[in-house]
Every structure is written in C-alpha cells, then in structure tokens.
Amino acid sequence: MLKFTAEHEWLKFEGDVATVGITSHAAEQLGDLVFVELPEVGATFSKDGEAATVESVKAASDVYCPLDGEVVEINQAIVDDPSLVNSDPQGAGWFFKLKLSNVADADTLLDEAAYKELIA
C-alpha cells in the first residue's frame with residue numbers, strides 16, 4: 001500500500017513499518033540535492049515533526065514525519081550520494097523506515113489519486 005502526504009512525502013507499508021521518502025514531484029521541485037541529513041535510528045517523532053533535512057542547489061527544506069512512530073532504519077546510501085533521491089525518489093532514494101505507533105493513522109493520508117489531484 002502506498003500513501004502520500006500534502007507535504008510531498010510517500011509511505012510504503014509493510015505491516016506496522018512504513019518506508020518514507022519524498023515524492024518525485026518534491027524531488028523535481030527541489031532540483032539537484034547536494035546534502036541529506038537523516039534522523040538517528042531509535043528517534044521518535046510525532047506526526048508532522050521535522051525528521052530530516054535536504055539541501056539542493058536551490059534551497060534547504062525539511063522532510064516531515066508523516067505519522068507518529070520510531071525510526072528503525074535509515075538509508076545511508078542517500079547521505080553518501082544525495083543524487084539517488086533525484087534519480088529514484090520513490091525507490092532507492094527512500095529516507096527512513098518508521099515503526100508506526102498506530103497503523104490505523106495511515107487512513108488519514110492521501111491515496112495516489114488524491115495526491116495527483118493535489119499537485120495538478
């Protein structure tokens with residue numbers, strides 16, 4: 001199951017863990033990324049908390065935690081090579097995996113059709 005936020009994050013769910021990244025639209029808007037800062041494994045966030053930072057040739061931007069939970073894994077590859085986010089934002093360019101406090105909260109997020117309508 002794939003869900004989206006109005007802040008341009010995507011989530012892919014596997015049980016009570018969601019892989020989180022930024023959408024292709026967000027990556028295009030930011031331009032070429034030159035720096036990514038990820039949260040620590042074990043960090044806990046509330047929905048909409050600032051979880052990561054990205055910097056591009058255009059701007060710096062925060063990546064928000066889409067739901068309450070604990071970071072259980074980060075993608076070190078995008079820290080080492082931020083261009084992965086630009087080349088494959090919804091694949092190899094994922095940011096972190098979040099163990100959700102409440103899986104039912106995912107129902108509040110946008111589905112793909114609603115997200116496409118938002119960015120249209």
# chains A, B, ... in the order shown; residues from 1 in each chain; ligands from 1

$ residues_around --residues "Pro89 in chain A" --least-positions-apart "3" --cutoff "12 Å" --atoms "only C-alpha atoms" --output "JSON, numbers by chain"
{"A": [8, 9, 10, 11, 19, 20, 21, 22, 23, 24, 25, 26, 27, 28, 30, 31, 32, 33, 78, 82, 83, 84, 85, 86, 92, 93, 94, 95]}

$ select_by_dssp --residues "range 12-94 of chain A" --states "strand (DSSP E or B)" --output "ChimeraX atom specification"
/A:12-14,17-22,33-37,44-45,50-56,60-64,69-74

$ residues_around --residues "Val34 in chain A" --least-positions-apart "5" --cutoff "7 Å" --atoms "only C-alpha atoms" --output "NGL selection string"
:A and (55-57 or 82)

$ atom_distance --atom1 "CA of Ser46 in chain A" --atom2 "CA of Gly91 in chain A"
24.3 Å

$ atom_distance --atom1 "CA of Thr5 in chain A" --atom2 "CA of Thr44 in chain A"
18.8 Å

$ select_by_dssp --residues "chain A" --states "alpha helix (DSSP H)" --output "VMD selection string"
chain A and resid 24 to 30 76 to 80 83 to 87 112 to 119

$ atom_distance --atom1 "CA of Asn75 in chain A" --atom2 "CA of Lys97 in chain A"
8.5 Å
